[in-house]
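Colleague: File name upload32.cif; file contents mmCIF, C-alpha atoms and all ligand atoms; full text below.
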data_entry
loop_
_atom_site.label_atom_id
_atom_site.label_comp_id
_atom_site.auth_asym_id
_atom_site.auth_seq_id
_atom_site.Cartn_x
_atom_site.Cartn_y
_atom_site.Cartn_z
CA MET A 180 -8.24 -16.62 -4.25
CA ASP A 181 -6.53 -17.91 -7.35
CA ARG A 182 -6.49 -14.98 -9.80
CA ASP A 183 -6.50 -17.59 -12.56
CA ALA A 184 -4.82 -15.62 -15.34
CA ALA A 185 -5.23 -18.56 -17.76
CA THR A 186 -9.01 -18.13 -17.88
CA ARG A 187 -8.71 -14.40 -18.70
CA ASP A 188 -7.11 -15.29 -22.03
CA ASP A 189 -9.69 -17.88 -23.02
CA PRO A 190 -13.05 -16.36 -24.08
CA VAL A 191 -14.80 -19.75 -24.00
CA ALA A 192 -13.57 -20.56 -20.48
CA LEU A 193 -14.47 -17.05 -19.38
CA ALA A 194 -18.04 -17.37 -20.69
CA GLU A 195 -18.33 -20.78 -19.02
CA ALA A 196 -16.98 -19.41 -15.73
CA TRP A 197 -19.70 -16.74 -15.75
CA LEU A 198 -22.48 -19.36 -15.78
CA SER A 199 -21.48 -20.77 -12.38
CA ALA A 200 -20.01 -17.55 -10.97
CA ARG A 201 -20.83 -15.55 -7.89
CA VAL A 202 -20.83 -11.83 -8.52
CA LEU A 203 -19.72 -8.97 -6.29
CA VAL A 204 -21.50 -5.74 -7.24
CA VAL A 205 -19.52 -2.58 -6.43
CA ALA A 206 -20.50 1.09 -6.63
CA ASP A 207 -18.34 4.05 -5.63
CA GLY A 208 -16.00 1.91 -3.55
CA THR A 209 -18.80 0.16 -1.66
CA ALA A 210 -20.43 -3.27 -1.76
CA VAL A 211 -23.38 -4.86 0.04
CA VAL A 212 -22.32 -6.39 3.35
CA ALA A 213 -24.48 -8.76 5.41
CA GLU A 214 -24.01 -8.51 9.15
CA ASP A 215 -24.82 -11.85 10.76
CA ASP A 216 -22.27 -13.18 13.26
CA ARG A 217 -19.64 -11.17 11.45
CA PRO A 218 -19.73 -8.96 8.35
CA ARG A 219 -19.45 -10.74 5.00
CA LEU A 220 -19.83 -9.70 1.37
CA VAL A 221 -23.10 -10.50 -0.37
CA LEU A 222 -22.30 -12.33 -3.64
CA LEU A 223 -25.08 -12.86 -6.19
CA PRO A 224 -25.55 -15.84 -8.51
CA SER A 225 -24.59 -14.63 -11.99
CA ASP A 226 -28.17 -14.95 -13.31
CA GLU A 227 -29.26 -12.37 -10.70
CA ALA A 228 -26.38 -9.95 -11.37
CA PRO A 229 -27.10 -6.51 -12.86
CA ASP A 230 -25.91 -5.59 -16.35
CA GLY A 231 -22.43 -4.15 -16.54
CA GLU A 232 -18.88 -4.94 -17.51
CA ARG A 233 -17.86 -8.33 -16.11
CA LEU A 234 -14.53 -8.15 -14.32
CA TYR A 235 -13.08 -11.58 -13.60
CA LEU A 236 -11.50 -11.71 -10.12
CA GLY A 237 -10.51 -15.40 -10.15
CA ARG A 238 -11.73 -18.51 -8.39
CA ASP A 239 -11.68 -20.16 -4.98
CA ASP A 240 -12.91 -23.55 -3.74
CA ASP A 241 -16.51 -22.49 -4.37
CA GLY A 242 -15.90 -21.52 -8.01
CA PRO A 243 -15.40 -18.39 -10.13
CA VAL A 244 -16.01 -14.84 -8.87
CA PHE A 245 -16.67 -11.76 -10.99
CA ALA A 246 -17.21 -8.13 -10.09
CA VAL A 247 -19.71 -5.84 -11.82
CA ALA A 248 -19.79 -2.08 -11.30
CA ALA A 249 -23.49 -1.21 -11.12
CA ALA A 250 -26.18 0.02 -8.75
CA LEU A 251 -26.00 -2.04 -5.56
CA PRO A 252 -28.71 -4.67 -5.01
CA ARG A 253 -30.96 -4.34 -1.95
CA ARG A 254 -30.93 -7.15 0.56
CA MET A 255 -32.70 -7.62 3.88
CA GLY A 256 -30.22 -7.46 6.76
CA ALA A 257 -27.48 -6.06 4.55
CA ARG A 258 -26.24 -2.58 3.70
CA PRO A 259 -23.68 -0.80 1.51
CA LEU A 260 -20.30 -0.37 3.19
CA GLY A 261 -16.86 0.71 2.00
CA LEU A 262 -13.43 -0.70 2.61
CA ARG A 263 -12.55 1.91 5.21
CA GLU A 264 -15.62 1.04 7.27
CA VAL A 265 -15.61 -2.72 7.00
CA GLY A 266 -12.20 -3.81 5.62
CA ALA A 267 -10.74 -4.79 8.99
CA LEU A 268 -13.88 -6.76 9.96
CA LEU A 269 -14.12 -8.93 6.83
CA ASP A 270 -12.26 -12.23 6.60
CA ASP A 271 -9.19 -12.39 4.39
CA ARG A 272 -11.00 -13.68 1.31
CA ASP A 273 -13.71 -11.03 1.43
CA ALA A 274 -11.29 -8.20 2.21
CA GLY A 275 -9.12 -9.32 -0.73
CA LEU A 276 -12.11 -9.52 -3.09
CA LEU A 277 -13.33 -6.07 -2.12
CA VAL A 278 -9.89 -4.45 -2.58
CA HIS A 279 -9.44 -6.18 -5.95
CA ALA A 280 -12.94 -5.30 -7.21
CA VAL A 281 -12.86 -1.67 -6.07
CA GLY A 282 -9.34 -1.10 -7.40
CA LEU A 283 -10.19 -2.61 -10.79
CA ALA A 284 -13.54 -0.81 -11.08
CA ASN A 285 -11.91 2.53 -10.17
CA TRP A 286 -9.28 2.02 -12.83
CA HIS A 287 -11.79 1.16 -15.56
CA ALA A 288 -13.91 4.19 -14.70
CA ALA A 289 -10.91 6.52 -14.86
CA HIS A 290 -9.35 5.22 -18.10
CA PRO A 291 -11.89 5.44 -20.92
CA SER A 292 -9.34 6.69 -23.48
CA CYS A 293 -6.02 5.58 -24.94
CA SER A 294 -3.04 7.47 -23.53
CA ARG A 295 -1.25 7.16 -26.90
CA CYS A 296 -3.88 8.38 -29.35
CA GLY A 297 -6.92 9.48 -27.35
CA ALA A 298 -9.34 6.99 -28.95
CA PRO A 299 -11.79 5.07 -26.72
CA THR A 300 -10.52 1.93 -25.01
CA GLU A 301 -12.59 -1.14 -24.16
CA PRO A 302 -12.08 -3.88 -21.55
CA ALA A 303 -10.36 -7.09 -22.66
CA ARG A 304 -9.02 -10.25 -21.03
CA GLY A 305 -11.77 -10.48 -18.42
CA GLY A 306 -11.34 -6.84 -17.45
CA SER A 307 -7.65 -7.18 -16.61
CA VAL A 308 -6.63 -4.78 -19.42
CA ARG A 309 -8.21 -2.09 -21.63
CA ARG A 310 -7.51 -2.17 -25.35
CA CYS A 311 -7.45 0.82 -27.69
CA THR A 312 -10.17 0.60 -30.36
CA ALA A 313 -7.98 2.51 -32.84
CA ASP A 314 -4.40 1.26 -32.47
CA GLY A 315 -4.96 -1.99 -30.52
CA SER A 316 -2.54 -1.07 -27.73
CA ASP A 317 -3.10 -2.69 -24.34
CA HIS A 318 -3.31 -0.56 -21.20
CA PHE A 319 -2.79 -2.23 -17.84
CA PRO A 320 -4.21 -1.29 -14.45
CA ARG A 321 -1.90 1.11 -12.77
CA THR A 322 -0.58 0.80 -9.24
CA ASP A 323 1.15 3.78 -7.63
CA PRO A 324 3.80 2.89 -5.04
CA ALA A 325 3.64 4.95 -1.88
CA VAL A 326 5.74 4.70 1.25
CA ILE A 327 4.42 4.90 4.79
CA MET A 328 6.84 4.94 7.68
CA LEU A 329 7.05 4.85 11.41
CA VAL A 330 9.97 7.10 12.40
CA HIS A 331 11.43 6.19 15.79
CA ASP A 332 14.44 7.14 17.89
CA GLY A 333 15.69 3.57 18.40
CA SER A 334 14.30 3.73 21.90
CA ASP A 335 10.89 4.58 23.32
CA ARG A 336 9.62 7.39 21.08
CA CYS A 337 8.24 7.81 17.56
CA ILE A 338 7.13 10.73 15.39
CA LEU A 339 3.54 10.96 14.16
CA GLY A 340 1.86 13.75 12.22
CA ARG A 341 -1.56 15.30 11.82
CA GLN A 342 -2.72 16.35 8.35
CA ALA A 343 -4.20 19.80 8.05
CA ALA A 344 -7.63 18.38 7.14
CA TRP A 345 -7.80 16.13 10.21
CA PRO A 346 -9.45 17.10 13.50
CA ALA A 347 -7.30 17.91 16.53
CA GLY A 348 -5.88 14.82 18.22
CA ARG A 349 -5.86 12.58 15.12
CA PHE A 350 -2.34 11.37 14.33
CA SER A 351 -0.74 8.83 12.02
CA THR A 352 2.54 7.74 10.49
CA LEU A 353 4.12 9.89 7.76
CA ALA A 354 3.54 8.85 4.13
CA GLY A 355 4.10 9.93 0.54
CA PHE A 356 4.42 8.79 -3.06
CA VAL A 357 7.54 7.31 -4.63
CA GLU A 358 8.87 9.55 -7.41
CA PRO A 359 10.28 8.41 -10.78
CA GLY A 360 13.82 7.05 -10.53
CA GLU A 361 13.68 6.68 -6.77
CA SER A 362 13.95 3.55 -4.61
CA ALA A 363 11.35 3.05 -1.89
CA GLU A 364 14.05 3.57 0.77
CA GLN A 365 15.10 6.88 -0.81
CA ALA A 366 11.46 7.93 -0.89
CA VAL A 367 11.16 7.23 2.85
CA ALA A 368 14.13 9.46 3.65
CA ARG A 369 13.03 12.23 1.25
CA GLU A 370 9.42 12.29 2.43
CA VAL A 371 10.36 12.39 6.13
CA PHE A 372 12.73 15.28 5.48
CA GLU A 373 10.21 17.16 3.32
CA GLU A 374 7.34 16.69 5.76
CA VAL A 375 9.03 17.25 9.12
CA GLY A 376 12.64 18.29 8.42
CA VAL A 377 14.17 15.24 10.08
CA VAL A 378 17.03 13.09 8.68
CA VAL A 379 16.56 9.31 8.98
CA ASP A 380 18.70 6.20 8.52
CA ASP A 381 18.25 2.46 9.14
CA VAL A 382 15.22 2.32 6.79
CA ARG A 383 13.67 -1.15 7.08
CA TYR A 384 10.83 -2.70 5.06
CA VAL A 385 8.01 -4.19 7.13
CA ALA A 386 4.96 -5.08 4.96
CA SER A 387 2.72 -3.75 2.18
CA GLN A 388 -0.98 -3.10 1.70
CA PRO A 389 -3.02 -2.43 -1.45
CA TRP A 390 -5.02 0.75 -0.96
CA PRO A 391 -7.35 1.41 -3.89
CA PHE A 392 -8.03 5.13 -3.17
CA PRO A 393 -7.53 5.36 -6.04
CA SER A 394 -4.69 2.94 -6.86
CA SER A 395 -1.90 2.86 -4.30
CA LEU A 396 0.30 0.11 -2.99
CA MET A 397 1.41 1.22 0.47
CA LEU A 398 4.93 0.02 1.29
CA GLY A 399 5.39 0.06 5.07
CA PHE A 400 8.75 0.88 6.66
CA THR A 401 10.38 1.84 9.89
CA ALA A 402 13.17 4.43 9.94
CA ARG A 403 15.33 5.79 12.73
CA CYS A 404 16.29 9.35 13.50
CA ASP A 405 18.28 11.11 16.17
CA GLY A 406 16.31 11.42 19.41
CA ASP A 407 17.32 15.09 19.63
CA ALA A 408 15.64 15.87 16.30
CA VAL A 409 12.82 18.38 16.46
CA PRO A 410 10.07 17.50 13.97
CA ALA A 411 8.40 20.54 12.42
CA PRO A 412 5.81 20.51 9.61
CA ALA A 413 7.67 21.78 6.58
CA ASP A 414 5.87 21.35 3.25
CA GLY A 415 2.33 22.32 4.23
CA GLU A 416 0.98 18.77 4.17
CA LEU A 417 1.01 18.40 7.95
CA ALA A 418 -0.46 20.80 10.48
CA GLU A 419 1.34 19.19 13.41
CA ALA A 420 4.09 16.64 14.03
CA ARG A 421 5.62 15.59 17.33
CA TRP A 422 7.19 12.86 19.40
CA PHE A 423 5.05 10.29 21.21
CA ASP A 424 6.26 7.72 23.73
CA ARG A 425 4.78 4.25 24.05
CA ASP A 426 2.78 5.05 27.18
CA GLU A 427 0.99 7.89 25.42
CA LEU A 428 0.13 5.70 22.39
CA HIS A 429 -1.02 2.78 24.55
CA ALA A 430 -3.44 5.20 26.19
CA ALA A 431 -4.64 6.68 22.87
CA GLY A 432 -8.00 5.88 21.27
CA THR A 433 -8.55 5.11 17.59
CA TRP A 434 -9.86 7.54 14.97
CA GLY A 435 -13.42 8.65 15.53
CA THR A 436 -13.68 7.26 19.05
CA GLY A 437 -13.62 10.50 20.98
CA ARG A 438 -11.31 13.12 22.45
CA GLY A 439 -7.61 13.14 23.11
CA VAL A 440 -4.95 11.52 20.97
CA GLN A 441 -6.32 9.09 18.37
CA THR A 442 -4.35 6.73 16.15
CA PRO A 443 -5.54 4.91 12.97
CA SER A 444 -8.06 2.08 13.01
CA ALA A 445 -7.10 -1.50 12.24
CA VAL A 446 -7.93 -1.34 8.52
CA SER A 447 -4.73 0.54 7.72
CA ILE A 448 -1.09 -0.45 7.54
CA ALA A 449 -0.39 2.61 9.71
CA TRP A 450 -2.15 0.79 12.54
CA HIS A 451 -0.01 -2.29 11.89
CA LEU A 452 3.23 -0.26 11.94
CA ILE A 453 2.31 1.52 15.17
CA THR A 454 1.02 -1.63 16.91
CA ARG A 455 4.09 -3.62 15.91
CA TRP A 456 6.39 -0.92 17.25
CA LEU A 457 4.43 -0.70 20.51
CA GLU A 458 4.78 -4.45 20.99
CA GLN A 459 8.54 -4.21 20.58
CA GLY A 460 8.81 -1.93 23.60
ZN ZN B 501 -4.81 4.31 -29.08
#
Could the structure of this file be written out as structure tokens, please?
Modeller:
Amino acid sequence: MDRDAATRDDPVALAEAWLSARVLVVADGTAVVAEDDRPRLVLLPSDEAPDGERLYLGRDDDGPVFAVAAALPRRMGARPLGLREVGALLDDRDAGLLVHAVGLANWHAAHPSCSRCGAPTEPARGGSVRRCTADGSDHFPRTDPAVIMLVHDGSDRCILGRQAAWPAGRFSTLAGFVEPGESAEQAVAREVFEEVGVVVDDVRYVASQPWPFPSSLMLGFTARCDGDAVPAPADGELAEARWFDRDELHAAGTWGTGRGVQTPSAVSIAWHLITRWLEQG
């Protein structure tokens, strides 16, 4: 997708784009997904779209695409699904559209007022900003950087944790938010120490993933710690943290698939970090 910022600033072009647009309707983080050969988003012609704020997502080879936050349309052979359920099964274009639409719709819903003066704000520039009705200030969608890291011993073992709210057996990589004035690498080291009391070095960036629950950008890293370190849940976020070797993780299931050790499903960057590390063994 071309996000096409030029059209956002041109009300005439924006109105024209709507006439030939396809529209993704989103509600509470879900959209209607058709399940033929493989899942795909159901996009409506703009003259069939429900009323609602028009959020311009950009254009691809087939033309402009908008999102509207409204009650989901009903379609035969299609049903409402969220990013967690279907994100990994959609193709790249559809997964990108859904993340963009859900993230933008969440932000609009959560920011009705100006953070300077408290007056109502209204969408502007195709939904890419909100503008204060009293002082005219622009407010931009917010993205919160978070770090997520696979901590390993430089050899055959890594540390995973289980959050207190998760069922027994469900494990994932450690993660946390970047604080003001902190680099992402510093956040990795601080979060690992806070969560499991382990000191890391050799922090290396791997990849990132937008995660609109509600507005994170997950920055994926690996970090190394001493193989003699003993991880222990420290700040109350984790109920359990321990070492795993590659054999144990190769034999593990994914979340929701049954008993025993389970690691994240393919929608998450945690899965990517773990899988990548397993393949390096
Ligand atoms: Zn204001």
Colleague: Go through A:Asp270, A:Val265, A:Ala213, A:Pro218 and flag the residue nearest Arg253 (chain A), using only C-alpha atoms for the distances.
Modeller: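 For Arg253 (chain A), the nearest of the given residues is A:Ala213.
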Colleague: Please, which residues are within 10 Å of (20.6, 3.5, 8.5) by the file's coordinates, counting only C-alpha atoms, and could they come as a list in words?
Modeller: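 The requested residues, written out, are Val379, Asp380, Asp381, Val382, Arg383, Ala402, Arg403 and Cys404 of chain A.
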Colleague: Collect all residues with atoms no farther than 12 Å from ligand ZN 501 (chain B), counting all atoms listed in the file, and output them as a tab-separated table (two decimals) with C-alpha atoms, keeping the file's coordinate frame.
Modeller:
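Saved result, pocket_33.tsv, follows:
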chain	number	residue	atom	x	y	z
A	290	HIS	CA	-9.35	5.22	-18.10
A	291	PRO	CA	-11.89	5.44	-20.92
A	292	SER	CA	-9.34	6.69	-23.48
A	293	CYS	CA	-6.02	5.58	-24.94
A	294	SER	CA	-3.04	7.47	-23.53
A	295	ARG	CA	-1.25	7.16	-26.90
A	296	CYS	CA	-3.88	8.38	-29.35
A	297	GLY	CA	-6.92	9.48	-27.35
A	298	ALA	CA	-9.34	6.99	-28.95
A	299	PRO	CA	-11.79	5.07	-26.72
A	300	THR	CA	-10.52	1.93	-25.01
A	301	GLU	CA	-12.59	-1.14	-24.16
A	309	ARG	CA	-8.21	-2.09	-21.63
A	310	ARG	CA	-7.51	-2.17	-25.35
A	311	CYS	CA	-7.45	0.82	-27.69
A	312	THR	CA	-10.17	0.60	-30.36
A	313	ALA	CA	-7.98	2.51	-32.84
A	314	ASP	CA	-4.40	1.26	-32.47
A	315	GLY	CA	-4.96	-1.99	-30.52
A	316	SER	CA	-2.54	-1.07	-27.73
A	317	ASP	CA	-3.10	-2.69	-24.34
A	318	HIS	CA	-3.31	-0.56	-21.20
Colleague: So which one's closest to Ala420 (chain A), A:Val281, A:Leu353, A:Val326, A:Ala363? Using all atoms listed in the file, please.
Modeller: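 Of A:Val281, A:Leu353, A:Val326, A:Ala363, the one nearest Ala420 (chain A), counting all atoms listed in the file, is A:Leu353.
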Colleague: Find the spatial neighbours of Glu214 (chain A), counting only C-alpha atoms, within a cut-off of 8 Å - ignore same-chain residues fewer than 3 positions away - and output them as number ranges by chain.
Modeller: A: 217-219, 256-257
Colleague: For Thr352 (chain A), which residue out of A:Ile453, A:Leu222, A:Ala418, A:Val378 is the nearest one, using only C-alpha atoms?
Modeller: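 Once distances to Thr352 (chain A) are computed over only C-alpha atoms, the minimum belongs to A:Ile453.
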Colleague: Using only C-alpha atoms for the distances, tell me which of A:Arg321, A:Thr209, A:Ala228, A:Arg349 is nearest to Gly439 (chain A).
Modeller: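 Ranked by minimum distance to Gly439 (chain A), first place goes to A:Arg349.
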Colleague: Write out as a list in words which residues come within 9 Å of His287 (chain A) when counting all atoms listed in the file, dropping same-chain ones fewer than 5 positions away.
Modeller: Gly282, Glu301, Pro302, Gly306, Val308, Arg309 and Pro320 of chain A
Colleague: Select, counting all atoms listed in the file, all protein, DNA and RNA residues no farther than 8 Å from (12.9, 13.6, 17.3) in file coordinates, and express the selection as a ChimeraX atom specification.
Modeller: /A:331-332,336-338,377,404-410,421-422
Colleague: Work out how far apart CA of Pro324 (chain A) and CA of Leu396 (chain A) are and give it in Å to one decimal.
Modeller: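 Rounded to one decimal, the two atoms are 4.9 Å apart.
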Colleague: What is the distance between CA of Met255 (chain A) and CA of Ala288 (chain A), in Å to one decimal?
Modeller: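 Those two atoms sit 28.9 Å apart.
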Colleague: Show me, as a list in words, the residues that have an atom within 7 Å of Thr442 (chain A) when counting only C-alpha atoms, minus same-chain residues fewer than 4 positions from it.
Modeller: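 Surrounding residues, per the criterion: Arg349, Phe350, Ser351, Ala431, Gly432, Thr433 and Trp434 of chain A.
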Colleague: Residues as selected, C-alpha atoms, written as a PDB file, in the coordinates of the input, can you do that?
Modeller:
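New file again-v2.pdb:
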ATOM      1  CA  ARG A 349      -5.860  12.580  15.120  1.00  0.00           C
ATOM      2  CA  PHE A 350      -2.340  11.370  14.330  1.00  0.00           C
ATOM      3  CA  SER A 351      -0.740   8.830  12.020  1.00  0.00           C
ATOM      4  CA  ALA A 431      -4.640   6.680  22.870  1.00  0.00           C
ATOM      5  CA  GLY A 432      -8.000   5.880  21.270  1.00  0.00           C
ATOM      6  CA  THR A 433      -8.550   5.110  17.590  1.00  0.00           C
ATOM      7  CA  TRP A 434      -9.860   7.540  14.970  1.00  0.00           C
TER       8      TRP A 434
END
Colleague: CA of Leu283 (chain A) and CA of Val212 (chain A), how far apart in Å?
Modeller: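 These two atoms are separated by 19.0 Å.
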Colleague: Taking all atoms of region 339-358 of chain A that the file lists and extending 4 Å past them on each side, where is the centre of the axis-aligned box and how long are its edges? Answer in Å to one decimal, as AutoDock Vina command-line options.
Modeller:
--center_x -0.3 --center_y 13.6 --center_z 5.4 --size_x 26.3 --size_y 20.5 --size_z 33.6
